[in-house]
file query_26.cif (mmCIF, C-alpha atoms)
data_coords
#
loop_
_atom_site.label_atom_id
_atom_site.label_comp_id
_atom_site.auth_asym_id
_atom_site.auth_seq_id
_atom_site.Cartn_x
_atom_site.Cartn_y
_atom_site.Cartn_z
CA MET A 1 13.83 -80.16 28.80
CA PRO A 2 13.77 -77.01 26.63
CA ILE A 3 14.77 -77.37 22.98
CA LYS A 4 18.21 -75.95 22.17
CA ILE A 5 19.96 -75.48 18.83
CA THR A 6 23.57 -76.56 19.24
CA HIS A 7 24.51 -77.94 15.81
CA LYS A 8 26.83 -75.51 14.04
CA TYR A 9 25.29 -76.02 10.60
CA LEU A 10 21.82 -75.23 11.93
CA VAL A 11 23.25 -72.05 13.45
CA GLU A 12 24.86 -71.13 10.12
CA GLY A 13 21.59 -71.90 8.34
CA LEU A 14 19.80 -69.38 10.56
CA VAL A 15 22.50 -66.74 10.02
CA PHE A 16 22.64 -67.23 6.24
CA THR A 17 18.87 -67.31 5.72
CA SER A 18 18.35 -64.29 7.98
CA TYR A 19 20.60 -62.18 5.77
CA VAL A 20 19.07 -63.57 2.55
CA LEU A 21 15.65 -62.47 3.84
CA PHE A 22 17.06 -59.05 4.77
CA ALA A 23 18.29 -58.67 1.19
CA MET A 24 14.91 -59.76 -0.18
CA ALA A 25 13.05 -57.30 2.04
CA TRP A 26 15.49 -54.52 1.34
CA VAL A 27 15.79 -54.93 -2.43
CA GLY A 28 12.09 -55.83 -2.67
CA GLY A 29 11.23 -52.52 -1.00
CA THR A 30 13.55 -50.65 -3.35
CA ALA A 31 12.08 -52.43 -6.40
CA SER A 32 8.58 -51.50 -5.17
CA MET A 33 9.49 -47.87 -4.50
CA ASN A 34 7.31 -46.57 -7.36
CA ASN A 35 4.33 -48.40 -5.89
CA ILE A 36 5.15 -47.13 -2.39
CA MET A 37 5.47 -43.54 -3.63
CA ALA A 38 2.20 -43.83 -5.55
CA SER A 39 0.33 -45.24 -2.54
CA MET A 40 1.48 -42.26 -0.43
CA HIS A 41 1.08 -39.73 -3.26
CA ILE A 42 4.79 -38.92 -3.09
CA GLU A 43 5.92 -37.26 -6.32
CA SER A 44 9.27 -35.89 -5.19
CA TYR A 45 12.29 -37.98 -6.13
CA ALA A 46 14.23 -36.02 -3.52
CA SER A 47 11.99 -37.67 -0.91
CA ALA A 48 12.67 -41.05 -2.50
CA SER A 49 16.41 -40.41 -2.46
CA LEU A 50 16.16 -39.50 1.23
CA LEU A 51 15.05 -43.08 1.84
CA SER A 52 18.31 -44.31 0.28
CA GLY A 53 20.21 -41.75 2.33
CA ALA A 54 18.57 -43.02 5.51
CA VAL A 55 19.81 -46.52 4.77
CA THR A 56 23.30 -45.30 4.00
CA LEU A 57 23.35 -43.47 7.34
CA ALA A 58 22.06 -46.64 9.04
CA LYS A 59 24.91 -48.64 7.52
CA ILE A 60 27.55 -46.19 8.74
CA VAL A 61 26.07 -45.80 12.23
CA GLY A 62 25.09 -49.45 12.56
CA THR A 63 28.39 -50.98 11.54
CA PHE A 64 30.28 -48.59 13.83
CA ALA A 65 28.03 -49.24 16.84
CA ALA A 66 27.78 -53.01 16.32
CA ALA A 67 30.78 -53.87 18.50
CA TYR A 68 29.36 -51.86 21.41
CA LEU A 69 26.17 -53.91 21.27
CA THR A 70 28.09 -57.20 21.57
CA LEU A 71 30.02 -55.88 24.57
CA LYS A 72 26.74 -54.88 26.20
CA PHE A 73 24.60 -57.95 25.45
CA GLY A 74 26.91 -60.65 24.06
CA VAL A 75 26.94 -61.98 20.49
CA LYS A 76 23.75 -64.04 20.81
CA TYR A 77 21.49 -61.21 21.94
CA ALA A 78 23.23 -58.62 19.77
CA PHE A 79 22.37 -60.77 16.74
CA LEU A 80 18.79 -61.06 18.05
CA VAL A 81 18.53 -57.26 18.21
CA ALA A 82 19.76 -57.10 14.60
CA ALA A 83 17.21 -59.71 13.51
CA LEU A 84 14.34 -57.88 15.23
CA LEU A 85 15.37 -54.57 13.66
CA ILE A 86 15.15 -56.22 10.24
CA VAL A 87 11.60 -57.30 11.09
CA THR A 88 10.64 -53.61 11.39
CA GLY A 89 10.59 -53.67 7.58
CA ILE A 90 7.07 -55.02 8.09
CA MET A 91 5.99 -51.35 8.29
CA THR A 92 7.31 -50.52 4.82
CA PRO A 93 4.41 -51.78 2.67
CA TYR A 94 1.72 -50.50 5.05
CA ALA A 95 3.26 -47.28 6.39
CA PRO A 96 0.46 -44.66 6.59
CA ASN A 97 2.84 -41.75 6.03
CA TYR A 98 6.27 -40.88 4.68
CA GLU A 99 7.84 -40.36 8.12
CA LEU A 100 6.98 -43.89 9.29
CA LEU A 101 8.25 -45.30 5.99
CA LEU A 102 11.54 -43.47 6.53
CA VAL A 103 11.82 -44.85 10.08
CA SER A 104 11.09 -48.42 8.93
CA ARG A 105 13.76 -48.28 6.21
CA PHE A 106 16.29 -46.78 8.62
CA LEU A 107 15.68 -49.41 11.31
CA MET A 108 15.77 -52.25 8.80
CA GLY A 109 19.04 -50.93 7.37
CA LEU A 110 20.40 -50.65 10.90
CA GLY A 111 19.57 -54.31 11.55
CA GLY A 112 21.32 -55.37 8.34
CA ALA A 113 24.37 -53.29 9.28
CA PHE A 114 24.56 -54.95 12.70
CA MET A 115 24.11 -58.41 11.25
CA ILE A 116 26.92 -58.18 8.70
CA VAL A 117 29.37 -57.43 11.53
CA TYR A 118 28.11 -60.32 13.69
CA PHE A 119 28.81 -62.92 11.02
CA ASN A 120 32.44 -62.98 12.11
CA PRO A 121 32.28 -63.59 15.88
CA ILE A 122 29.59 -66.21 15.23
CA VAL A 123 31.77 -68.00 12.68
CA MET A 124 34.75 -67.78 15.02
CA HIS A 125 32.72 -69.25 17.91
CA TRP A 126 31.12 -72.16 16.08
CA PHE A 127 33.61 -73.23 13.41
CA ALA A 128 37.16 -74.56 13.43
CA PRO A 129 39.82 -72.47 11.62
CA GLU A 130 39.93 -74.79 8.61
CA GLU A 131 36.14 -74.50 8.17
CA ARG A 132 35.90 -70.72 8.42
CA PRO A 133 36.85 -69.73 4.84
CA VAL A 134 33.94 -71.74 3.44
CA ILE A 135 31.43 -70.34 5.95
CA ASN A 136 32.74 -66.80 5.46
CA GLY A 137 32.26 -67.24 1.72
CA LEU A 138 28.68 -68.45 2.17
CA ASN A 139 27.83 -65.48 4.38
CA ALA A 140 29.43 -63.12 1.85
CA VAL A 141 27.12 -64.36 -0.93
CA ALA A 142 23.91 -64.23 1.18
CA PHE A 143 22.98 -60.69 0.09
CA ASN A 144 23.54 -61.55 -3.57
CA VAL A 145 21.33 -64.63 -3.27
CA GLY A 146 18.50 -62.56 -1.78
CA THR A 147 18.98 -59.84 -4.39
CA ALA A 148 18.97 -62.35 -7.25
CA ILE A 149 15.76 -63.98 -5.97
CA VAL A 150 14.01 -60.60 -5.97
CA LEU A 151 15.42 -59.30 -9.26
CA TRP A 152 14.45 -62.41 -11.19
CA GLY A 153 11.60 -63.80 -9.12
CA MET A 154 9.64 -60.84 -7.71
CA PRO A 155 6.86 -60.99 -10.36
CA SER A 156 6.29 -64.68 -9.60
CA ILE A 157 6.43 -64.07 -5.84
CA ASN A 158 3.90 -61.24 -6.19
CA ALA A 159 1.62 -63.49 -8.24
CA ILE A 160 1.70 -66.17 -5.53
CA SER A 161 1.32 -63.78 -2.56
CA GLY A 162 -1.26 -61.53 -4.15
CA GLY A 163 0.80 -58.36 -4.61
CA TRP A 164 3.95 -56.47 -3.67
CA GLN A 165 2.63 -55.50 -0.24
CA GLN A 166 1.86 -59.10 0.69
CA SER A 167 5.29 -60.21 -0.58
CA LEU A 168 7.12 -57.70 1.63
CA LEU A 169 4.90 -58.77 4.53
CA VAL A 170 5.84 -62.44 4.00
CA PHE A 171 9.56 -61.57 3.94
CA SER A 172 9.26 -59.75 7.27
CA LEU A 173 7.19 -62.50 8.91
CA ALA A 174 9.75 -65.10 7.80
CA SER A 175 12.48 -62.92 9.37
CA LEU A 176 10.47 -62.84 12.61
CA VAL A 177 10.24 -66.65 12.65
CA LEU A 178 14.03 -66.92 12.25
CA ALA A 179 14.57 -64.34 15.02
CA LEU A 180 12.45 -66.45 17.38
CA LEU A 181 14.34 -69.60 16.36
CA TRP A 182 17.60 -67.77 17.13
CA LEU A 183 16.52 -67.63 20.79
CA LEU A 184 16.96 -71.43 20.85
CA VAL A 185 20.65 -71.23 19.91
CA LYS A 186 22.86 -72.20 22.85
CA PHE A 187 25.98 -70.05 22.98
CA GLU A 188 27.11 -70.67 26.54
CA GLN A 189 29.73 -73.37 25.94
CA ALA A 190 32.65 -72.76 23.59
CA PRO A 191 33.43 -75.63 21.21
CA SER A 192 36.36 -77.79 22.30
CA TYR A 193 38.55 -76.90 19.29
CA GLN A 194 38.91 -73.25 20.34
CA THR A 195 42.28 -72.31 21.68
CA ASN A 196 42.78 -70.67 25.04
CA ALA A 197 43.55 -67.42 23.25
CA GLN A 198 40.22 -67.52 21.46
CA GLN A 199 38.28 -68.40 24.60
CA ASP A 200 39.97 -65.67 26.63
CA ASP A 201 38.24 -62.37 25.91
CA THR A 202 39.57 -60.69 29.06
CA HIS A 203 42.06 -58.64 27.05
CA SER A 204 40.09 -55.61 25.93
CA TYR A 205 40.33 -54.39 22.34
CA SER A 206 38.42 -51.13 22.21
CA TYR A 207 37.40 -48.87 19.35
CA LEU A 208 40.36 -46.66 20.23
CA ASP A 209 42.71 -49.64 19.97
CA GLY A 210 41.14 -50.46 16.62
CA LEU A 211 41.56 -46.92 15.31
CA LYS A 212 45.23 -46.97 16.31
CA ASP A 213 45.79 -50.30 14.57
CA GLY A 214 47.26 -49.72 11.11
CA PHE A 215 45.91 -53.05 9.87
CA ASN A 216 42.31 -51.87 10.24
CA TRP A 217 42.92 -48.83 8.06
CA ALA A 218 44.74 -50.81 5.38
CA TYR A 219 42.01 -53.45 5.48
CA ALA A 220 39.10 -50.98 5.16
CA LEU A 221 40.81 -48.82 2.53
CA THR A 222 41.55 -51.91 0.42
CA TYR A 223 37.83 -52.61 0.16
CA SER A 224 36.47 -49.04 0.20
CA GLY A 225 37.22 -48.28 -3.46
CA LEU A 226 35.53 -51.48 -4.61
CA LEU A 227 32.47 -50.83 -2.43
CA SER A 228 32.29 -47.28 -3.81
CA PHE A 229 32.31 -48.60 -7.36
CA TYR A 230 29.73 -51.28 -6.55
CA ILE A 231 27.27 -48.70 -5.18
CA CYS A 232 27.90 -46.32 -8.10
CA LEU A 233 27.39 -49.21 -10.52
CA PHE A 234 23.77 -49.70 -9.48
CA THR A 235 23.10 -46.03 -8.75
CA PHE A 236 24.56 -44.16 -11.73
CA TYR A 237 25.62 -46.57 -14.48
CA PRO A 238 22.03 -47.26 -15.68
CA LEU A 239 21.46 -43.47 -15.81
CA ALA A 240 24.58 -43.20 -17.98
CA GLY A 241 23.08 -45.71 -20.42
CA ILE A 242 25.15 -48.70 -19.24
CA SER A 243 22.60 -51.39 -18.48
CA GLN A 244 24.99 -54.34 -18.16
CA SER A 245 25.16 -53.95 -14.36
CA LYS A 246 22.54 -56.73 -13.98
CA TRP A 247 25.15 -59.28 -15.08
CA VAL A 248 27.33 -58.39 -12.10
CA ILE A 249 24.85 -59.83 -9.56
CA GLY A 250 24.46 -63.25 -11.19
CA PHE A 251 28.15 -63.81 -11.88
CA GLY A 252 28.96 -62.49 -8.40
CA ILE A 253 27.33 -65.64 -7.00
CA VAL A 254 29.42 -67.80 -9.35
CA GLY A 255 32.56 -65.89 -8.31
CA THR A 256 31.85 -66.43 -4.62
CA ILE A 257 31.43 -70.18 -5.12
CA ALA A 258 34.70 -70.26 -7.08
CA GLY A 259 36.39 -68.27 -4.28
CA ILE A 260 35.18 -70.78 -1.68
CA LEU A 261 36.48 -73.74 -3.71
CA TYR A 262 39.79 -71.96 -4.34
CA SER A 263 40.29 -71.13 -0.65
CA ARG A 264 39.75 -74.78 0.30
CA LYS A 265 42.58 -75.82 -2.04
CA GLN A 266 44.91 -72.83 -1.70
CA PRO A 267 45.40 -71.32 1.78
CA LEU A 268 47.45 -68.29 0.63
CA ARG A 269 45.23 -65.21 0.67
CA LEU A 270 47.08 -62.41 -1.12
CA PRO A 271 47.64 -63.95 -4.60
CA ILE A 272 43.93 -64.32 -5.36
CA ILE A 273 43.17 -60.85 -3.90
CA ARG A 274 45.94 -59.29 -6.01
CA LEU A 275 44.97 -61.05 -9.26
CA SER A 276 41.28 -60.24 -8.76
CA GLY A 277 42.15 -56.62 -7.95
CA LEU A 278 44.03 -56.24 -11.24
CA LEU A 279 41.18 -57.83 -13.25
CA ILE A 280 38.63 -55.63 -11.44
CA PHE A 281 40.50 -52.49 -12.49
CA LEU A 282 40.77 -53.63 -16.13
CA THR A 283 37.12 -54.67 -16.42
CA VAL A 284 35.86 -51.47 -14.75
CA LEU A 285 37.92 -49.63 -17.36
CA GLY A 286 36.27 -51.64 -20.15
CA LEU A 287 32.76 -51.30 -18.71
CA SER A 288 33.08 -47.55 -18.18
CA PHE A 289 34.81 -46.56 -21.41
CA GLY A 290 34.10 -49.44 -23.82
CA SER A 291 32.15 -48.37 -26.89
CA ALA A 292 30.89 -51.78 -28.01
CA PRO A 293 27.93 -53.29 -26.09
CA TRP A 294 29.42 -56.80 -26.36
CA LEU A 295 32.64 -55.57 -24.71
CA GLN A 296 30.73 -53.92 -21.87
CA THR A 297 28.68 -57.09 -21.34
CA LEU A 298 31.83 -59.23 -21.28
CA CYS A 299 33.49 -56.84 -18.83
CA ALA A 300 30.37 -56.89 -16.60
CA ILE A 301 30.39 -60.72 -16.52
CA VAL A 302 34.11 -60.95 -15.70
CA LEU A 303 33.77 -58.05 -13.25
CA GLY A 304 30.93 -59.71 -11.32
CA PHE A 305 32.99 -62.89 -11.07
CA CYS A 306 36.17 -61.07 -9.97
CA ILE A 307 34.49 -58.77 -7.44
CA PHE A 308 33.36 -61.74 -5.35
CA LEU A 309 36.14 -64.22 -6.17
CA PRO A 310 38.54 -62.80 -3.51
CA VAL A 311 35.88 -62.13 -0.83
CA THR A 312 36.43 -65.46 0.97
CA ALA A 313 40.18 -64.82 1.15
CA LEU A 314 39.72 -61.17 2.17
CA VAL A 315 37.25 -61.93 4.97
CA SER A 316 39.44 -64.80 6.22
CA ILE A 317 42.50 -62.62 6.90
CA PRO A 318 41.34 -61.17 10.28
CA HIS A 319 40.24 -64.65 11.43
CA GLU A 320 43.80 -65.90 10.87
CA LEU A 321 45.66 -63.11 12.66
CA PRO A 322 47.53 -64.21 15.82
CA LYS A 323 45.67 -64.21 19.17
CA MET A 324 42.34 -63.26 17.62
CA THR A 325 39.35 -63.10 19.97
CA SER A 326 35.66 -62.67 19.28
CA GLN A 327 35.73 -59.18 20.80
CA LYS A 328 38.67 -58.09 18.68
CA ILE A 329 37.24 -59.47 15.44
CA THR A 330 33.92 -57.72 16.12
CA VAL A 331 35.71 -54.37 16.52
CA ILE A 332 37.81 -55.04 13.39
CA PHE A 333 34.77 -55.70 11.20
CA SER A 334 32.80 -52.91 12.84
CA LEU A 335 35.51 -50.45 11.76
CA PHE A 336 35.99 -52.20 8.41
CA TRP A 337 32.38 -51.69 7.36
CA SER A 338 31.84 -48.25 8.88
CA ILE A 339 35.01 -46.80 7.29
CA SER A 340 34.20 -48.42 3.94
CA TYR A 341 30.62 -47.14 3.92
CA LEU A 342 31.66 -43.66 5.04
CA ILE A 343 34.17 -43.40 2.18
CA SER A 344 31.72 -44.84 -0.37
CA THR A 345 29.08 -42.32 0.70
CA LEU A 346 31.50 -39.45 0.07
CA VAL A 347 32.54 -40.97 -3.26
CA LEU A 348 28.90 -41.37 -4.31
CA TRP A 349 28.31 -37.67 -3.61
CA LEU A 350 31.50 -36.67 -5.46
CA PHE A 351 30.56 -38.88 -8.44
CA GLY A 352 27.22 -37.08 -8.80
CA LYS A 353 28.82 -33.68 -8.20
CA LEU A 354 31.29 -34.24 -11.05
CA VAL A 355 28.41 -35.13 -13.37
CA ASP A 356 26.68 -31.86 -12.43
CA ILE A 357 29.86 -29.79 -12.85
CA ASN A 358 30.47 -31.29 -16.30
CA GLN A 359 26.92 -30.58 -17.56
CA GLY A 360 25.80 -34.21 -17.49
CA SER A 361 29.01 -35.76 -18.80
CA TYR A 362 30.06 -38.91 -16.92
CA PHE A 363 33.65 -38.97 -18.21
CA ALA A 364 35.35 -37.39 -15.16
CA SER A 365 33.18 -39.44 -12.77
CA PHE A 366 34.09 -42.66 -14.58
CA VAL A 367 37.79 -41.74 -14.39
CA LEU A 368 37.42 -41.21 -10.61
CA ILE A 369 35.60 -44.47 -9.93
CA THR A 370 37.90 -46.50 -12.20
CA LEU A 371 40.96 -45.25 -10.31
CA LEU A 372 39.28 -46.00 -6.97
CA SER A 373 38.46 -49.55 -8.09
CA ALA A 374 42.21 -50.21 -8.01
CA THR A 375 42.28 -50.10 -4.19
CA VAL A 376 41.93 -53.90 -4.01
CA PHE A 377 45.08 -54.40 -6.08
CA VAL A 378 47.08 -51.63 -4.37
CA GLY A 379 45.83 -52.49 -0.88
CA SER A 380 46.86 -56.14 -1.22
CA TYR A 381 50.48 -54.97 -0.88
CA PHE A 382 49.70 -53.50 2.56
CA LEU A 383 47.90 -56.55 3.99
CA PRO A 384 49.62 -59.44 5.83
CA GLU A 385 49.69 -62.92 4.35
CA THR A 386 47.91 -64.99 6.99
CA GLY A 387 47.58 -68.25 5.05
CA GLN A 388 50.15 -70.99 5.44
CA ALA A 389 51.56 -72.53 2.28
CA LYS A 390 51.05 -76.29 2.03
CA GLU A 391 54.20 -78.36 2.36
#

call {"tool": "encode", "arguments": {"input": "query_26.cif", "output": "structure tokens"}}
result
Amino acid sequence: MPIKITHKYLVEGLVFTSYVLFAMAWVGGTASMNNIMASMHIESYASASLLSGAVTLAKIVGTFAAAYLTLKFGVKYAFLVAALLIVTGIMTPYAPNYELLLVSRFLMGLGGAFMIVYFNPIVMHWFAPEERPVINGLNAVAFNVGTAIVLWGMPSINAISGGWQQSLLVFSLASLVLALLWLLVKFEQAPSYQTNAQQDDTHSYSYLDGLKDGFNWAYALTYSGLLSFYICLFTFYPLAGISQSKWVIGFGIVGTIAGILYSRKQPLRLPIIRLSGLLIFLTVLGLSFGSAPWLQTLCAIVLGFCIFLPVTALVSIPHELPKMTSQKITVIFSLFWSISYLISTLVLWLFGKLVDINQGSYFASFVLITLLSATVFVGSYFLPETGQAKE
């Protein structure tokens, strides 16, 4: 009898660890970019920035196309495709030329973009409604865990493996092992707790339906300003002399754990999103315009906590909408991520453009990104409350 993985926590372990390894491979490649450029004799930072642009494009294209892949192959094999695309990062440390390096980064980014969308139909299939907030929170922190491991542990990992190339190779090989283990997951039978509405995917919810649905626009726009700030934080803030961004990653993990614990006790979603949104705006203001280093550090710590505190509640809202199906939730998150990344890409360009126009001054750019960080607070007034208050 062939071995099958049917325990939901083993399935979640594969999903979570797969995305942690993606983050490690992705951030590890970025952290090793100077070594990669030196090994290929690349001296142009424009070429290096094109690598980042390729990933951004992969995120936009990948998150938009993810739902189509599930309709074509089903969730199990769509996730497998995502996992195998991540494995293509194995080319990054040994790419013989710039073009192959660019392809490897694009394909790996595409796999990560697919995977982040597939979290949701997988969680909906395997976990009961009362369990989903916790699992959604765990999946939301996976990238931060992988990033933190690399940022703080890459020198030790390199010492053990023998160098940065061997480390990136190990990350990719581990991803390949998890992709092969994913083939053992048995998806065929829906768990008994699922309602008839959840099991019935015969009602089609297409991209066009999703684009006509006002909820999807409110949902994506609520997050888009925060995502724009988050990308600018690690792209431009260090260049502006604000080095406190490193605190955001560590306290983001703490904030996610707090958000999971809060969501288990308090089922209402909007209050924590609204409070966090207000604190995000105030701390971005302090980080961007504060003159004292201690104030900027304090704002970065609180900001990291507050950025990820409401994620569990925010991700849970589509799961709790009436008559939700795995097809519909895949389309919702496909549009959510693609719209958010498209907007953040435009904001990133505009941020840099404002710096150029103002002869290197970041003031106007900081005003723009601070205002956009308020979308979480403002958007919370356009989202439905899907949680049920405890009697």

call {"tool": "closest_residue", "arguments": {"input": "query_26.cif", "among": "A:Leu354, A:Ala300, A:Leu211, A:Met124", "to": "Gln327 (chain A)", "atoms": "all atoms listed in the file"}}
result
A:Met124

call {"tool": "resolve_selection", "arguments": {"input": "query_26.cif", "expression": "the PyMOL selection byres ((chain A and resi 6-10) around 7)", "output": "VMD selection string"}}
result
chain A and resid 4 to 5 11 to 14 126 185 to 186

call {"tool": "resolve_selection", "arguments": {"input": "query_26.cif", "expression": "the PyMOL selection byres ((chain A and resi 161-167) around 12)", "output": "number ranges by chain"}}
result
A: 21, 24-36, 39, 89-95, 150, 153-160, 168-174

call {"tool": "residues_around", "arguments": {"input": "query_26.cif", "residues": "Tyr19 (chain A)", "least_positions_apart": "3", "cutoff": "7 Å", "atoms": "only C-alpha atoms", "output": "JSON, numbers by chain"}}
result
{"A": [15, 16, 22, 23, 142, 143]}

call {"tool": "atom_distance", "arguments": {"input": "query_26.cif", "atom1": "CA of Ile242 (chain A)", "atom2": "CA of Ser340 (chain A)"}}
result
24.9 Å

call {"tool": "atom_distance", "arguments": {"input": "query_26.cif", "atom1": "CA of Leu321 (chain A)", "atom2": "CA of Ala374 (chain A)"}}
result
24.6 Å

call {"tool": "atom_distance", "arguments": {"input": "query_26.cif", "atom1": "CA of Leu350 (chain A)", "atom2": "CA of Leu227 (chain A)"}}
result
14.5 Å

call {"tool": "closest_residue", "arguments": {"input": "query_26.cif", "among": "A:Leu138, A:Ala78, A:Val367, A:Leu221", "to": "Phe382 (chain A)", "atoms": "only C-alpha atoms"}}
result
A:Leu221

call {"tool": "closest_residue", "arguments": {"input": "query_26.cif", "among": "A:Thr370, A:Ser344, A:Ser334, A:Ser326", "to": "Gly286 (chain A)", "atoms": "only C-alpha atoms"}}
result
A:Thr370

call {"tool": "resolve_selection", "arguments": {"input": "query_26.cif", "expression": "the PyMOL selection byres ((chain A and resi 311) around 12)", "output": "PyMOL selection string"}}
result
chain A and resi 133-141+222-223+226-227+252-253+255-263+269-270+272-274+276-277+304-310+312-317+376

call {"tool": "closest_residue", "arguments": {"input": "query_26.cif", "among": "A:Tyr237, A:Val248, A:Thr283, A:Lys265", "to": "Phe363 (chain A)", "atoms": "all atoms listed in the file"}}
result
A:Tyr237

call {"tool": "decode", "arguments": {"input": "query_26.cif", "residues": "region 57-70 of chain A", "atoms": "N, CA and C atoms", "output": "compact mmCIF listing (two decimals), in the first residue's frame"}}
result
# COMPACT_ATOMS: atom_id res chain seq x y z
N LEU A 57 8.09 41.59 -11.10
CA LEU A 57 7.23 41.18 -12.22
C LEU A 57 6.68 39.78 -11.98
N ALA A 58 7.53 38.88 -11.46
CA ALA A 58 7.08 37.51 -11.17
C ALA A 58 5.97 37.51 -10.14
N LYS A 59 6.07 38.39 -9.15
CA LYS A 59 5.04 38.46 -8.10
C LYS A 59 3.70 38.93 -8.68
N ILE A 60 3.76 39.92 -9.55
CA ILE A 60 2.52 40.44 -10.14
C ILE A 60 1.89 39.40 -11.07
N VAL A 61 2.70 38.86 -11.97
CA VAL A 61 2.20 37.86 -12.93
C VAL A 61 1.78 36.58 -12.21
N GLY A 62 2.64 36.14 -11.28
CA GLY A 62 2.37 34.87 -10.59
C GLY A 62 1.12 34.89 -9.74
N THR A 63 0.96 35.95 -8.95
CA THR A 63 -0.23 36.00 -8.09
C THR A 63 -1.51 36.14 -8.92
N PHE A 64 -1.41 36.82 -10.06
CA PHE A 64 -2.61 36.96 -10.91
C PHE A 64 -2.96 35.64 -11.60
N ALA A 65 -1.94 34.90 -12.02
CA ALA A 65 -2.18 33.66 -12.78
C ALA A 65 -2.41 32.44 -11.88
N ALA A 66 -2.21 32.60 -10.58
CA ALA A 66 -2.26 31.44 -9.67
C ALA A 66 -3.61 30.73 -9.70
N ALA A 67 -4.69 31.49 -9.74
CA ALA A 67 -6.02 30.88 -9.73
C ALA A 67 -6.24 30.03 -10.98
N TYR A 68 -5.74 30.49 -12.12
CA TYR A 68 -5.89 29.72 -13.36
C TYR A 68 -5.23 28.35 -13.23
N LEU A 69 -4.08 28.32 -12.58
CA LEU A 69 -3.35 27.07 -12.41
C LEU A 69 -4.14 26.07 -11.58
N THR A 70 -4.83 26.55 -10.54
CA THR A 70 -5.63 25.63 -9.72
C THR A 70 -6.82 25.09 -10.50
